[in-house]
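Reproduced below: structure.cif, with mmCIF, C-alpha atoms and all ligand atoms.
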data_final
loop_
_atom_site.label_atom_id
_atom_site.label_comp_id
_atom_site.auth_asym_id
_atom_site.auth_seq_id
_atom_site.Cartn_x
_atom_site.Cartn_y
_atom_site.Cartn_z
CA MET A 1 -17.93 -11.61 -6.64
CA GLY A 2 -14.42 -12.47 -5.49
CA LYS A 3 -12.82 -12.47 -2.08
CA GLY A 4 -12.76 -9.14 -0.22
CA THR A 5 -11.17 -7.88 2.98
CA ALA A 6 -12.40 -8.55 6.52
CA ASP A 7 -14.26 -5.53 7.98
CA GLU A 8 -13.13 -3.44 5.02
CA SER A 9 -15.07 -0.33 6.05
CA TYR A 10 -13.79 -0.39 9.64
CA LEU A 11 -11.20 2.21 10.61
CA ASN A 12 -9.92 2.58 14.17
CA GLU A 13 -9.86 6.07 15.72
CA PHE A 14 -6.26 6.75 14.75
CA GLU A 15 -6.75 5.49 11.20
CA LYS A 16 -9.62 7.97 10.87
CA LYS A 17 -7.13 10.69 11.83
CA ILE A 18 -4.63 9.45 9.23
CA ILE A 19 -7.26 9.58 6.48
CA LYS A 20 -8.40 13.02 7.62
CA PHE A 21 -4.82 14.28 7.53
CA CYS A 22 -4.29 12.96 3.98
CA LYS A 23 -7.52 14.65 2.89
CA GLU A 24 -6.40 17.95 4.43
CA ILE A 25 -3.06 17.73 2.61
CA ILE A 26 -4.85 17.07 -0.70
CA ASP A 27 -7.22 20.02 -0.18
CA PHE A 28 -4.30 22.26 0.72
CA THR A 29 -2.41 21.17 -2.40
CA VAL A 30 -5.42 21.77 -4.67
CA ASN A 31 -5.77 25.30 -3.31
CA PHE A 32 -2.06 25.94 -3.59
CA LEU A 33 -1.90 24.80 -7.22
CA LYS A 34 -4.90 26.99 -8.12
CA LEU A 35 -6.07 24.39 -10.62
CA GLU A 36 -8.80 25.24 -13.09
CA LYS A 37 -12.08 23.34 -12.74
CA GLU A 38 -11.31 20.57 -15.25
CA LEU A 39 -7.73 20.04 -14.10
CA LYS A 40 -8.84 20.03 -10.47
CA LYS A 41 -11.42 17.36 -11.24
CA ASN A 42 -8.80 15.34 -13.11
CA PHE A 43 -6.31 15.62 -10.24
CA LEU A 44 -8.86 14.60 -7.62
CA GLU A 45 -10.30 11.69 -9.56
CA THR A 46 -7.00 10.21 -10.67
CA TRP A 47 -4.68 10.98 -7.78
CA GLY A 48 -6.15 12.88 -4.87
CA LYS A 49 -9.40 11.15 -4.01
CA ILE A 50 -9.33 9.95 -0.39
CA GLY A 51 -11.49 6.99 0.60
CA LYS A 52 -12.47 5.94 4.12
CA THR A 53 -11.91 2.26 3.54
CA ARG A 54 -9.26 -0.40 4.08
CA TRP A 55 -10.01 -1.82 0.66
CA ALA A 56 -9.68 1.27 -1.56
CA GLY A 57 -9.63 -0.52 -4.88
CA ALA A 58 -9.95 1.27 -8.19
CA GLY A 59 -13.30 3.02 -8.50
CA ARG A 60 -14.08 2.51 -4.84
CA GLY A 61 -13.39 5.93 -3.43
CA ALA A 62 -9.61 6.25 -3.49
CA GLY A 63 -7.23 7.85 -5.94
CA LYS A 64 -3.83 6.52 -6.97
CA LEU A 65 -1.87 8.36 -4.25
CA GLN A 66 -3.80 6.60 -1.50
CA ARG A 67 -3.95 3.21 -3.21
CA ASP A 68 -0.24 3.16 -4.07
CA ASN A 69 1.08 4.43 -0.77
CA LEU A 70 -1.31 3.51 2.02
CA HIS A 71 -2.65 0.18 0.76
CA THR A 72 -1.28 -3.22 -0.19
CA ARG A 73 -1.96 -4.64 -3.61
CA GLY A 74 -4.94 -6.89 -4.30
CA GLN A 75 -4.67 -10.52 -3.21
CA GLY A 76 -7.36 -12.79 -4.53
CA ALA A 77 -7.42 -16.59 -4.22
CA LYS A 78 -8.44 -18.85 -1.41
CA ASN A 79 -6.26 -17.72 1.49
CA PRO A 80 -6.55 -15.50 4.59
CA LEU A 81 -4.76 -12.56 2.90
CA SER A 82 -6.72 -9.31 2.59
CA ASN A 83 -7.69 -8.27 -0.87
CA ARG A 84 -6.03 -4.88 -0.25
CA ASN A 85 -5.63 -3.45 3.25
CA PHE A 86 -3.65 -0.72 4.98
CA ARG A 87 0.09 -1.30 4.78
CA TRP A 88 0.35 -0.97 8.58
CA THR A 89 -2.06 -3.87 9.24
CA PRO A 90 -0.39 -5.47 12.29
CA LEU A 91 -0.73 -9.10 11.15
CA VAL A 92 1.62 -10.28 8.42
CA ILE A 93 2.63 -13.58 6.86
CA ALA A 94 6.24 -14.28 5.85
CA LYS A 95 8.44 -17.14 4.71
CA ASN A 96 10.74 -16.45 7.67
CA LEU A 97 10.14 -14.26 10.73
CA PRO A 98 11.38 -10.73 9.84
CA PRO A 99 13.53 -9.00 12.50
CA TRP A 100 10.95 -6.18 12.77
CA ALA A 101 8.01 -8.46 13.68
CA LYS A 102 6.86 -10.62 16.62
CA GLU A 103 5.85 -14.21 16.11
CA VAL A 104 2.22 -15.30 16.47
CA LYS A 105 2.25 -18.05 19.13
CA GLU A 106 -0.46 -20.26 17.70
CA ILE A 107 -3.14 -20.47 15.03
CA LYS A 108 -6.51 -22.00 15.83
CA TYR A 109 -9.52 -22.79 13.72
CA GLU A 110 -12.88 -22.51 15.45
CA GLU A 111 -16.44 -21.23 15.36
CA ILE A 112 -16.66 -17.62 16.47
CA GLU A 113 -19.33 -14.97 16.73
CA ILE A 114 -18.87 -11.83 14.72
CA LYS A 115 -20.93 -8.70 14.33
CA ILE A 116 -21.89 -7.83 10.78
CA GLU A 117 -23.30 -4.46 9.83
CA LYS A 118 -26.29 -4.59 7.53
CA GLY A 119 -28.03 -1.80 5.67
CA ARG A 120 -27.09 1.85 5.45
CA GLY A 121 -27.79 5.07 7.35
CA LYS A 122 -30.62 4.89 9.87
CA LYS A 123 -31.51 1.37 8.79
CA LYS A 124 -28.03 0.16 9.75
CA LYS A 125 -28.28 -2.82 12.03
CA GLU A 126 -25.69 -5.01 13.67
CA GLU A 127 -26.27 -8.69 13.42
CA THR A 128 -24.41 -11.42 15.24
CA LYS A 129 -23.39 -14.34 13.12
CA LYS A 130 -21.59 -17.58 13.84
CA VAL A 131 -18.73 -18.21 11.44
CA LYS A 132 -15.72 -20.48 11.10
CA ALA A 133 -12.51 -18.54 11.45
CA PHE A 134 -8.78 -18.61 11.99
CA VAL A 135 -7.96 -17.21 15.42
CA TYR A 136 -4.47 -16.08 16.35
CA ILE A 137 -2.85 -16.39 19.77
CA VAL A 138 -0.34 -13.62 20.45
CA GLU A 139 1.73 -12.52 23.43
CA LYS A 140 1.04 -9.02 24.61
CA ASP A 141 2.36 -7.47 27.83
CA ASN A 142 3.49 -10.93 28.97
CA LYS A 143 -0.01 -12.34 28.54
CA TYR A 144 -1.44 -14.58 25.86
CA MET A 145 -4.45 -13.28 24.07
CA GLU A 146 -6.75 -14.44 21.31
CA ILE A 147 -7.29 -12.26 18.28
CA LYS A 148 -10.12 -12.80 15.86
CA PRO A 149 -9.74 -11.71 12.23
CA GLY A 150 -10.90 -8.20 11.26
CA LYS A 151 -11.47 -5.47 13.86
CA GLU A 152 -9.52 -7.18 16.67
CA VAL A 153 -6.41 -7.22 14.47
CA TYR A 154 -6.96 -3.65 13.30
CA ASN A 155 -7.27 -2.44 16.91
CA LEU A 156 -3.80 -3.68 17.93
CA PRO A 157 -1.51 -0.75 18.83
CA LEU A 158 0.44 0.68 15.91
CA ASN A 159 3.41 1.80 18.01
CA GLU A 160 4.46 -1.83 18.57
CA PRO A 161 5.93 -4.34 16.09
CA PRO A 162 3.31 -6.22 14.04
CA TYR A 163 2.62 -9.93 14.57
CA CYS A 164 3.81 -12.45 12.00
CA ILE A 165 2.82 -15.97 10.99
CA THR A 166 5.55 -17.87 9.23
CA GLN A 167 4.98 -20.27 6.39
CA ALA A 168 6.29 -23.17 8.51
CA GLN A 169 3.81 -22.29 11.28
CA PHE A 170 0.93 -22.21 8.85
CA ASN A 171 1.97 -25.50 7.25
CA ASN A 172 2.28 -27.07 10.69
CA PHE A 173 -1.20 -25.81 11.63
CA TRP A 174 -2.63 -27.25 8.43
CA ASP A 175 -0.90 -30.64 8.84
CA ASN A 176 -2.31 -31.05 12.35
CA LEU A 177 -5.87 -30.17 11.38
CA ASP A 178 -8.54 -32.93 11.30
CA ASP A 179 -9.48 -34.11 7.82
CA SER A 180 -13.08 -32.96 8.33
CA LYS A 181 -11.90 -29.42 9.13
CA LYS A 182 -9.56 -29.42 6.16
CA GLU A 183 -12.50 -30.37 4.00
CA GLU A 184 -14.58 -27.56 5.51
CA ILE A 185 -11.89 -24.98 4.70
CA LYS A 186 -11.46 -26.33 1.19
CA ASN A 187 -15.17 -25.65 0.67
CA PHE A 188 -15.03 -22.07 2.02
CA THR A 189 -17.11 -19.64 -0.04
CA ASP A 190 -15.81 -16.21 -1.07
CA LEU A 191 -17.71 -14.77 1.92
CA ASP A 192 -16.04 -17.23 4.33
CA TRP A 193 -12.66 -16.16 2.98
CA THR A 194 -13.59 -12.48 3.16
CA ILE A 195 -14.45 -12.83 6.87
CA ASN A 196 -10.97 -14.30 7.39
CA ALA A 197 -9.06 -12.03 4.97
CA THR A 198 -7.18 -9.94 7.50
CA MET A 199 -3.42 -10.40 7.10
CA ILE A 200 -1.05 -8.88 4.56
CA PRO A 201 2.22 -10.18 3.03
CA ALA A 202 5.23 -9.09 5.15
CA TYR A 203 7.10 -7.59 2.19
CA GLU A 204 4.25 -5.09 1.69
CA TYR A 205 4.17 -4.02 5.35
CA SER A 206 5.12 -0.47 6.18
CA TYR A 207 4.89 1.65 9.33
CA TRP A 208 2.10 4.24 9.09
CA THR A 209 4.77 6.92 9.39
CA PHE A 210 6.58 5.55 6.31
CA SER A 211 3.33 5.08 4.38
CA ILE A 212 2.15 8.66 4.88
CA GLU A 213 5.54 10.10 4.11
CA SER A 214 5.67 8.05 0.90
CA PHE A 215 2.23 9.46 0.09
CA LEU A 216 3.63 12.98 0.57
CA VAL A 217 6.70 12.21 -1.59
CA CYS A 218 4.50 10.93 -4.43
CA LEU A 219 2.10 13.86 -4.04
CA LEU A 220 4.97 16.33 -4.49
CA SER A 221 6.12 14.34 -7.51
CA VAL A 222 2.74 14.67 -9.23
CA ALA A 223 2.10 18.27 -8.09
CA SER A 224 5.46 19.47 -9.40
CA THR A 225 5.11 17.83 -12.82
CA LEU A 226 1.64 16.94 -14.16
CA TYR A 227 -0.12 19.81 -12.37
CA TYR A 228 2.71 22.33 -12.20
CA LYS A 229 1.88 25.90 -13.16
CA ASN A 230 4.64 28.30 -12.18
CA ASN A 231 3.75 28.08 -8.50
CA LYS A 232 6.60 28.01 -6.06
CA ILE A 233 6.66 24.29 -5.40
CA SER A 234 9.34 24.73 -2.74
CA ASP A 235 6.72 26.66 -0.72
CA LEU A 236 4.25 23.80 -1.12
CA LYS A 237 6.88 21.36 0.09
CA ALA A 238 7.77 23.54 3.09
CA SER A 239 4.10 23.78 4.10
CA ILE A 240 3.59 20.04 3.73
CA VAL A 241 6.68 19.28 5.82
CA GLU A 242 5.39 21.65 8.50
CA LYS A 243 1.95 20.04 8.57
CA TRP A 244 3.49 16.56 8.70
CA GLU A 245 5.77 17.55 11.61
CA LYS A 246 2.75 18.87 13.48
CA PHE A 247 0.78 15.67 12.83
CA LEU A 248 3.67 13.57 14.15
CA GLU A 249 3.97 15.73 17.24
CA GLU A 250 0.25 15.47 17.97
CA ASN A 251 0.26 11.71 17.51
CA GLU A 252 3.53 10.85 19.15
CA GLU A 253 2.06 7.98 21.16
CA HIS A 254 1.29 6.09 17.94
CA ILE A 255 4.78 6.36 16.42
CA PRO A 256 6.34 2.88 16.13
CA VAL A 257 9.29 2.34 18.45
CA ILE A 258 11.63 -0.48 17.45
CA LYS A 259 14.86 -1.74 18.99
CA ASN A 260 17.81 -1.13 16.66
CA ASN A 261 20.96 -3.26 16.23
CA GLU A 262 22.50 -1.89 19.43
CA ASN A 263 19.26 -2.76 21.23
CA LYS A 264 18.42 0.89 21.66
CA LYS A 265 14.85 2.00 21.11
CA GLU A 266 14.36 4.10 18.03
CA LYS A 267 11.32 5.94 16.70
CA GLN A 268 10.39 4.87 13.19
CA VAL A 269 9.93 8.30 11.68
CA SER A 270 11.72 9.26 8.51
CA LEU A 271 10.89 12.94 8.37
CA THR A 272 14.47 13.83 7.47
CA THR A 273 13.91 12.04 4.17
CA LEU A 274 11.02 14.16 2.92
CA SER A 275 12.80 17.42 3.69
CA SER A 276 16.08 16.16 2.22
CA ILE A 277 14.64 14.97 -1.14
CA SER A 278 14.83 17.75 -3.72
CA ILE A 279 11.84 18.68 -5.86
CA GLU A 280 14.11 18.31 -8.91
CA GLU A 281 14.67 14.66 -8.00
CA LEU A 282 10.94 14.03 -7.58
CA GLN A 283 10.21 15.49 -11.02
CA LEU A 284 12.33 12.84 -12.72
CA CYS A 285 11.69 9.16 -13.34
CA PRO A 286 14.30 7.38 -11.18
CA LEU A 287 15.37 5.04 -14.01
CA CYS A 288 15.55 7.15 -17.19
CA LYS A 289 16.07 10.46 -15.32
CA THR A 290 13.59 12.21 -17.62
CA LEU A 291 10.75 14.46 -16.50
CA LEU A 292 7.58 12.54 -15.66
CA THR A 293 5.71 14.78 -18.11
CA GLN A 294 7.92 13.52 -20.95
CA PHE A 295 7.91 10.21 -22.80
CA PRO A 296 10.28 7.65 -21.19
CA ALA A 297 13.98 8.42 -21.82
CA GLY A 298 12.90 11.61 -23.61
CA LEU A 299 12.17 9.62 -26.78
CA GLU A 300 9.58 10.70 -29.32
CA LYS A 301 6.32 8.87 -28.68
CA GLU A 302 6.28 5.97 -31.11
CA ASN A 303 3.63 6.10 -33.77
CA ARG A 304 2.84 2.46 -34.19
CA PRO A 305 -0.41 1.35 -35.85
CA GLU A 306 -2.71 -0.41 -33.43
CA ASN A 307 -3.45 -4.11 -33.79
CA TRP A 308 -6.85 -5.59 -33.50
CA SER A 309 -7.22 -7.67 -30.38
CA ALA A 310 -10.06 -9.91 -29.45
CA SER A 311 -12.39 -8.66 -26.77
CA SER A 312 -16.03 -9.16 -26.00
CA PHE A 313 -18.62 -7.33 -28.08
CA PRO A 314 -18.63 -4.42 -28.86
CA TRP A 315 -15.11 -4.89 -30.19
CA LYS A 316 -12.69 -2.24 -29.17
CA THR A 317 -9.16 -1.46 -30.26
CA SER A 318 -8.47 1.24 -27.70
CA LYS A 319 -5.88 0.40 -25.10
CA LYS A 320 -6.27 1.17 -21.43
CA LYS A 321 -4.50 4.37 -20.46
CA GLU A 322 -2.82 2.68 -17.48
CA GLY A 323 -1.05 0.39 -19.91
CA GLU A 324 0.69 3.11 -21.88
CA LYS A 325 4.48 3.38 -21.72
CA GLU A 326 4.41 6.92 -20.35
CA SER A 327 1.75 6.37 -17.69
CA ILE A 328 2.99 6.89 -14.16
CA GLN A 329 3.43 4.03 -11.75
CA LEU A 330 4.76 3.44 -8.27
CA LEU A 331 8.31 2.17 -8.34
CA HIS A 332 10.52 0.83 -5.57
CA ILE A 333 14.21 1.68 -6.07
CA LYS A 334 15.10 -1.47 -4.15
CA PRO A 335 12.57 -4.32 -4.51
CA LEU A 336 10.27 -5.13 -1.60
CA ILE A 337 11.59 -7.91 0.64
CA GLU A 338 10.49 -9.43 3.95
CA THR A 339 13.61 -8.77 6.01
CA GLU A 340 13.53 -4.99 5.64
CA ILE A 341 10.69 -2.47 5.48
CA ARG A 342 11.24 -0.94 2.08
CA HIS A 343 7.97 0.81 1.37
CA SER A 344 9.56 3.96 2.71
CA PRO A 345 9.93 7.55 1.48
CA ASP A 346 13.57 7.02 0.49
CA ASN A 347 12.71 3.96 -1.61
CA VAL A 348 9.34 4.94 -3.13
CA ARG A 349 9.15 7.03 -6.31
CA TYR A 350 6.85 7.66 -9.22
CA GLY A 351 8.30 6.61 -12.57
CA HIS A 352 7.22 5.74 -16.11
CA ARG A 353 5.41 2.47 -16.63
CA TRP A 354 7.95 1.47 -19.29
CA CYS A 355 10.80 2.03 -16.82
CA ASN A 356 8.97 0.16 -14.07
CA VAL A 357 8.35 -2.81 -16.36
CA ALA A 358 11.99 -2.72 -17.53
CA MET A 359 13.11 -3.04 -13.91
CA ALA A 360 11.17 -6.32 -13.68
CA ASP A 361 11.20 -6.20 -9.85
CA ALA A 362 15.00 -5.87 -9.75
CA SER A 363 16.84 -3.05 -7.95
CA LEU A 364 17.72 0.14 -9.81
CA GLU A 365 21.44 -0.71 -9.65
CA TYR A 366 20.93 -4.24 -10.95
CA THR A 367 18.76 -2.89 -13.80
CA LEU A 368 21.51 -0.45 -14.78
CA ASP A 369 24.05 -3.32 -14.84
CA PHE A 370 21.66 -5.15 -17.14
CA PHE A 371 21.34 -2.19 -19.54
CA GLU A 372 25.07 -1.58 -19.51
CA HIS A 373 25.61 -5.13 -20.71
CA VAL A 374 22.86 -4.84 -23.34
CA LEU A 375 24.38 -1.61 -24.74
CA LYS A 376 27.92 -2.99 -24.77
CA ASN A 377 26.87 -6.16 -26.54
CA ASN A 378 25.08 -4.07 -29.17
CA ASN A 379 28.07 -1.74 -29.65
CA ARG A 380 26.05 1.23 -28.43
CA CYS A 381 28.66 2.44 -25.97
ZN ZN A 401 11.44 6.66 -17.06
#
Please render this file's structure as C-alpha cells.
Ligand SMILES: [Zn+2]
Amino acid sequence: MGKGTADESYLNEFEKKIIKFCKEIIDFTVNFLKLEKELKKNFLETWGKIGKTRWAGAGRGAGKLQRDNLHTRGQGAKNPLSNRNFRWTPLVIAKNLPPWAKEVKEIKYEEIEIKIEKGRGKKKKEETKKVKAFVYIVEKDNKYMEIKPGKEVYNLPLNEPPYCITQAQFNNFWDNLDDSKKEEIKNFTDLDWTINATMIPAYEYSYWTFSIESFLVCLLSVASTLYYKNNKISDLKASIVEKWEKFLEENEEHIPVIKNNENKKEKQVSLTTLSSISIEELQLCPLCKTLLTQFPAGLEKENRPENWSASSFPWKTSKKKEGEKESIQLLHIKPLIETEIRHSPDNVRYGHRWCNVAMADASLEYTLDFFEHVLKNNNRC
C-alpha cells in the first residue's frame, strides 16, 4: 500500500452537489445519445462513471472525464501532497506565492486528535485517534485560525482564494524543527503520510467553476466523436449550457470572486467559453487537427510487429490500450504553471496520445515552431 489522500471519502455539502450535477449531466448525455447497451456500458465505464471520492483513481469509481477534469494527478512519495484530490482543494504548495492565492501564515507540527471512520454501513463507527500532523495557521476575516489536514481544509469556503505554502516557507519550517521531530517525520509510515496528505501542487489548482466547465468541454468532445450517431450535437450542447447556467445561478454564493488587475472584484466563471467553443473544434485534436476518431495526423495505423518485452509470468506481449498512439488524453494548450490558473475550459482539450507526447509539456505554439524547424531541416516544406 502506498500513500493515499487525507479523508479521501469526505465531501463537503457543496462538493456533493457538484458530483450530483456531473452525474446528472452524464445521465442526460447517455439518454440523448441513445446508445445501445454495449456502447452505453463502454461510455460509462471508460468516461462517464462518477465517483463520490476525492481520490478517484483508476478503477476506484470514476471515469476519465472526472479524473482528468475534476482531480489532480497522483502524487506518491513521502510528502504532504494528496495522492489525487479535487482541483479546487483550497491548500496549495508553490515555489513562489501565485497572485491568485493567499499565503499560509505559519506551519506547525504537533500531536492532534482526528476522527477516523471504521467499518461500513450500520457498523460504521467513529474513532478518535492521536496522530502527528502538520497544522496550518491562516488568516481569515482578520483572525488567525488553525487548520488541521483533511476535512478542515476541505471545509474552507470555495468562493475565496485558496491558501498557499511556498517552498521557502516549508524549508524554513523544516530547518527550525528539532532534530528529534525531523527524525520522527523521516520515519512516517504510509498511513502517517496519508493522514497529512491534504495539499495539491499550485499549478494543478483550478476553480470549481473552471473544473466543471472543462469537464463539460471534454464531455462534448467525446460525445461528438467516439459516441456520435447522427444526433444533433448542437442540441446536446445547448441543453448542457442551459443546465450549467442554472447550476451557477443556484450556487452563486460559492462562485470564486477574485480581485483583477484594476483591483475590481470579478467572478471566476468562464461560461462564455463553453458556449463560444464550436463542436467542430472539439471534434479535432488540437495539435494535428484531425478527428479524434482517426489515427493521429490522419495517417494509416502503422502495422509494426510487436516485440517481446519482459514481464512477470504469465508472459504477455499485449500493450496497454492507454499507451496506444491514438488513445485519447487530456491536453493543455498552454502548459500548467503556478502563476496562472490554466486548467480552464479555454485551455483544456482532448487530443491524441501521440500528439500529447509530442508536445512534451510545451505550449501548442512552441511545439509548432519545433515541427516547423524539423520539417525545414528535412526538406519537407
Ligand atoms: Zn492529434
Query raised in the report: Counting all atoms listed in the file, what is within 9 Å of Arg349 (chain A), bar same-chain residues fewer than 3 positions away, as a PyMOL selection string?
Result: chain A and resi 214+217-218+221+282+285-286+329-333+345-346
With all atoms listed in the file as the counted atoms, please give the residues lying no more than 8 Å from Phe86 (chain A), apart from itself and same-chain residues fewer than 5 positions off, as a VMD selection string. chain A and resid 54 to 55 70 to 72
Environment of ligand ZN 401 (chain A) within 7 Å, counting only C-alpha atoms and all ligand atoms, reported as a list in words:
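Every residue with an atom at most 7 Å from ligand ZN 401 (chain A) is listed here: Cys285, Pro286, Leu287, Cys288, Lys289, Thr290, Pro296, Ala297, Gly351, His352, Trp354 and Cys355 of chain A.
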One decimal, Å: what's the distance from CA of Tyr227 (chain A) over to CA of Phe247 (chain A), could you say?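 Rounded to one decimal, the two atoms are 25.6 Å apart.
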Exercise. Which neighbours of Gln167 (chain A) fall inside 7 Å, counting all atoms listed in the file, when residues of the same chain fewer than 4 positions from it are skipped, and could you give them as a PyMOL selection string?
Worked result: chain A and resi 94-95+171
- Task: Step by step: start from the point (9.6, -3.8, 11.5) in the file's coordinates, keep every protein, DNA or RNA residue that has an atom no farther than 9 Å from it, count only C-alpha atoms, and write the set as a list in words.
- Result: Pro98, Pro99, Trp100, Ala101, Lys102, Glu160, Pro161, Pro162, Tyr205, Ser206, Tyr207, Pro256, Ile258, Gln268, Thr339, Glu340 and Ile341 of chain A
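Nearest-residue note for Asp192 (chain A): choosing from A:Lys78, A:Leu375, A:Ser363, A:Thr46, the minimum distance belongs to A:Lys78, counting all atoms listed in the file.
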Min atom-atom distance to Tyr109 (chain A) from the set A:Asp178, A:Glu280, A:Glu45, A:Glu266, counting all atoms listed in the file, belongs to A:Asp178
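The closest residue to Glu204 (chain A), picked from A:Lys148, A:Lys118, A:Lys265, A:Arg84 and counting all atoms listed in the file, is A:Arg84.
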_From the options A:Leu11, A:Leu44, A:Cys381, A:Ile93, which residue's atoms come nearest to Tyr203 (chain A), counting only C-alpha atoms?_
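Closest to Tyr203 (chain A), using only C-alpha atoms: A:Ile93.
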Q.
For region 123-130 of chain A, find every residue with an atom within 12 Å (counting only C-alpha atoms), except residues of its own chain fewer than 6 positions away, and show them as a VMD selection string.
A. chain A and resid 110 to 117 192 195
Atom pair CA of Leu284 (chain A) + CA of Val222 (chain A), distance 10.4 Å
In Å and to one decimal, CA of Glu13 (chain A) is distant from CA of Lys49 (chain A) by 20.4 Å
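Across A:Thr273, A:Asn31, A:Asn263, A:Thr89, the tightest approach to Asn155 (chain A) is made by A:Thr89 when counting all atoms listed in the file.
Residues in contact with Tyr10 (chain A) at 8 Å, where all atoms listed in the file are counted and same-chain residues fewer than 3 positions away are skipped, are listed as A:Asp7, A:Thr53, A:Arg54, A:Lys151.
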Kindly save the residues from that selection, with C-alpha atoms included, as an mmCIF file, in the frame of the given file.
data_model
loop_
_atom_site.group_PDB
_atom_site.id
_atom_site.type_symbol
_atom_site.label_atom_id
_atom_site.label_comp_id
_atom_site.auth_asym_id
_atom_site.auth_seq_id
_atom_site.Cartn_x
_atom_site.Cartn_y
_atom_site.Cartn_z
ATOM 1 C CA ASP A 7 -14.260 -5.530 7.980
ATOM 2 C CA THR A 53 -11.910 2.260 3.540
ATOM 3 C CA ARG A 54 -9.260 -0.400 4.080
ATOM 4 C CA LYS A 151 -11.470 -5.470 13.860
#
Q.
Restricting the calculation to all atoms listed in the file: of A:Glu245, A:Glu338, A:Glu139, A:Glu36, which residue gets closest to Ala202 (chain A)?
A.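 Checking each candidate against Ala202 (chain A), we get A:Glu338 as the closest.
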